[in-house]
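Okay, structure first, notes after.
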Amino acid sequence: MADDVLSGVIITDSGLSRIHHPYDGGADVIATSSAERDRMRDSHRDWLPRNPAGL
């Protein structure tokens, strides 16, 4: 069970080339390229919002 003690966390690799910012209800991910972004999107389509605008 998550206690939600800490918020505003950013997770990254040692070179700061990929960034993951989880938050209640989702996460922001900054990838190294648009190709990497597209691969992640295609691999995790079931995680994406169903709204066509992505909201």
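Lettering and numbering for the structure tokens are positional, with chains as A, B, ... in the shown order, residues counted from 1 in each chain, and ligands counted from 1 in the shown order.
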Exercise. Which residues come within 9 Å of segment 40-47 of chain A, counting only C-alpha atoms, excluding same-chain residues fewer than 4 positions away, as a ChimeraX atom specification?
Worked result: /A:26,31,35-36
Going by DSSP on the backbone, which residues of chain A come out as helix (DSSP H, G or I)? List them as an mmCIF file with C-alpha atoms, in the first residue's frame.
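So result_37.cif came out as:
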data_model
loop_
_atom_site.group_PDB
_atom_site.id
_atom_site.type_symbol
_atom_site.label_atom_id
_atom_site.label_comp_id
_atom_site.auth_asym_id
_atom_site.auth_seq_id
_atom_site.Cartn_x
_atom_site.Cartn_y
_atom_site.Cartn_z
ATOM 1 C CA SER A 34 10.564 11.127 -30.880
ATOM 2 C CA ALA A 35 11.311 7.593 -32.125
ATOM 3 C CA GLU A 36 11.825 6.369 -28.537
ATOM 4 C CA ARG A 37 8.640 8.194 -27.491
ATOM 5 C CA ASP A 38 6.708 6.473 -30.272
ATOM 6 C CA ARG A 39 8.084 3.034 -29.283
ATOM 7 C CA MET A 40 7.010 3.611 -25.669
ATOM 8 C CA ARG A 41 3.578 4.823 -26.781
ATOM 9 C CA ASP A 42 3.095 1.790 -29.031
ATOM 10 C CA SER A 43 4.250 -0.612 -26.293
ATOM 11 C CA ARG A 45 -1.264 1.804 -25.657
ATOM 12 C CA ASP A 46 -3.518 0.386 -22.926
ATOM 13 C CA TRP A 47 -2.090 2.987 -20.501
#
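The strand (DSSP E or B) portion of chain A consists of Ile11, Thr12, Ile19, His20, His21, Pro22, Tyr23, Gly26, Ala27, Asp28, Val29 and Ile30 of chain A, with states taken from DSSP on the backbone.
Between atom CA of Asn51 of chain A and atom CA of Ser17 of chain A the interatomic distance comes to 28.9 Å.
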For this session: Could you tell me how far atom CA of Asp28 of chain A lies from atom CA of Thr12 of chain A, in Å and to one decimal?
Result: 11.8 Å
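Interatomic distance, atom CA of His21 of chain A against atom CA of Val9 of chain A: 6.3 Å.
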Problem set entry | For Ile30 of chain A: contacts at 7 Å, only C-alpha atoms, fewer than 4 positions along chain excluded, given as a VMD selection string | chain A and resid 18 to 20
Next, write the just-selected residues to a file, as a PDB file, in the first residue's frame, keeping N, CA, C and O atoms as the atom set.
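Written out: result-v6.pdb:
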ATOM      1  N   ARG A  18      16.750  10.398 -19.815  1.00  0.00           N
ATOM      2  CA  ARG A  18      15.345   9.988 -19.737  1.00  0.00           C
ATOM      3  C   ARG A  18      14.805  10.427 -18.382  1.00  0.00           C
ATOM      4  O   ARG A  18      15.454  10.238 -17.365  1.00  0.00           O
ATOM      5  N   ILE A  19      13.615  10.979 -18.401  1.00  0.00           N
ATOM      6  CA  ILE A  19      13.020  11.488 -17.157  1.00  0.00           C
ATOM      7  C   ILE A  19      11.614  10.916 -17.014  1.00  0.00           C
ATOM      8  O   ILE A  19      10.850  10.881 -17.978  1.00  0.00           O
ATOM      9  N   HIS A  20      11.295  10.465 -15.804  1.00  0.00           N
ATOM     10  CA  HIS A  20       9.968   9.934 -15.482  1.00  0.00           C
ATOM     11  C   HIS A  20       9.454  10.699 -14.269  1.00  0.00           C
ATOM     12  O   HIS A  20      10.105  10.731 -13.227  1.00  0.00           O
TER      13      HIS A  20
END
Any idea what's packed within 12 Å of Gly8 of chain A, counting only C-alpha atoms, ignoring anything in its chain fewer than 3 positions away? Could you give it as a PDB file with N, CA, C and O atoms, in the first residue's frame?
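As written to disk, out27.pdb reads:
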ATOM      1  N   ASP A   4       1.784   7.613   0.185  1.00  0.00           N
ATOM      2  CA  ASP A   4       1.788   8.948  -0.407  1.00  0.00           C
ATOM      3  C   ASP A   4       2.454   9.968   0.512  1.00  0.00           C
ATOM      4  O   ASP A   4       1.957  11.054   0.733  1.00  0.00           O
ATOM      5  N   VAL A   5       3.595   9.574   1.082  1.00  0.00           N
ATOM      6  CA  VAL A   5       4.338  10.437   2.000  1.00  0.00           C
ATOM      7  C   VAL A   5       5.156  11.462   1.231  1.00  0.00           C
ATOM      8  O   VAL A   5       5.361  12.574   1.675  1.00  0.00           O
ATOM      9  N   ILE A  11      12.290  10.764 -11.513  1.00  0.00           N
ATOM     10  CA  ILE A  11      13.211   9.639 -11.628  1.00  0.00           C
ATOM     11  C   ILE A  11      13.941   9.772 -12.960  1.00  0.00           C
ATOM     12  O   ILE A  11      13.318  10.017 -13.996  1.00  0.00           O
ATOM     13  N   HIS A  20      11.295  10.465 -15.804  1.00  0.00           N
ATOM     14  CA  HIS A  20       9.968   9.934 -15.482  1.00  0.00           C
ATOM     15  C   HIS A  20       9.454  10.699 -14.269  1.00  0.00           C
ATOM     16  O   HIS A  20      10.105  10.731 -13.227  1.00  0.00           O
ATOM     17  N   HIS A  21       8.303  11.343 -14.422  1.00  0.00           N
ATOM     18  CA  HIS A  21       7.703  12.110 -13.330  1.00  0.00           C
ATOM     19  C   HIS A  21       6.315  11.547 -13.031  1.00  0.00           C
ATOM     20  O   HIS A  21       5.329  11.911 -13.668  1.00  0.00           O
ATOM     21  N   PRO A  22       6.236  10.606 -12.073  1.00  0.00           N
ATOM     22  CA  PRO A  22       4.929  10.031 -11.722  1.00  0.00           C
ATOM     23  C   PRO A  22       4.126  10.990 -10.842  1.00  0.00           C
ATOM     24  O   PRO A  22       4.691  11.771 -10.081  1.00  0.00           O
ATOM     25  N   TYR A  23       2.823  10.942 -10.998  1.00  0.00           N
ATOM     26  CA  TYR A  23       1.926  11.726 -10.155  1.00  0.00           C
ATOM     27  C   TYR A  23       0.604  10.974 -10.053  1.00  0.00           C
ATOM     28  O   TYR A  23       0.364  10.022 -10.800  1.00  0.00           O
ATOM     29  N   ASP A  24      -0.224  11.396  -9.136  1.00  0.00           N
ATOM     30  CA  ASP A  24      -1.502  10.742  -8.924  1.00  0.00           C
ATOM     31  C   ASP A  24      -2.320  10.797 -10.212  1.00  0.00           C
ATOM     32  O   ASP A  24      -2.648  11.871 -10.692  1.00  0.00           O
ATOM     33  N   ALA A  27       1.617   9.968 -15.325  1.00  0.00           N
ATOM     34  CA  ALA A  27       3.051  10.255 -15.288  1.00  0.00           C
ATOM     35  C   ALA A  27       3.435  11.014 -16.545  1.00  0.00           C
ATOM     36  O   ALA A  27       2.796  10.883 -17.586  1.00  0.00           O
ATOM     37  N   ASP A  28       4.474  11.804 -16.444  1.00  0.00           N
ATOM     38  CA  ASP A  28       5.101  12.430 -17.609  1.00  0.00           C
ATOM     39  C   ASP A  28       6.400  11.694 -17.864  1.00  0.00           C
ATOM     40  O   ASP A  28       7.131  11.383 -16.926  1.00  0.00           O
TER      41      ASP A  28
END
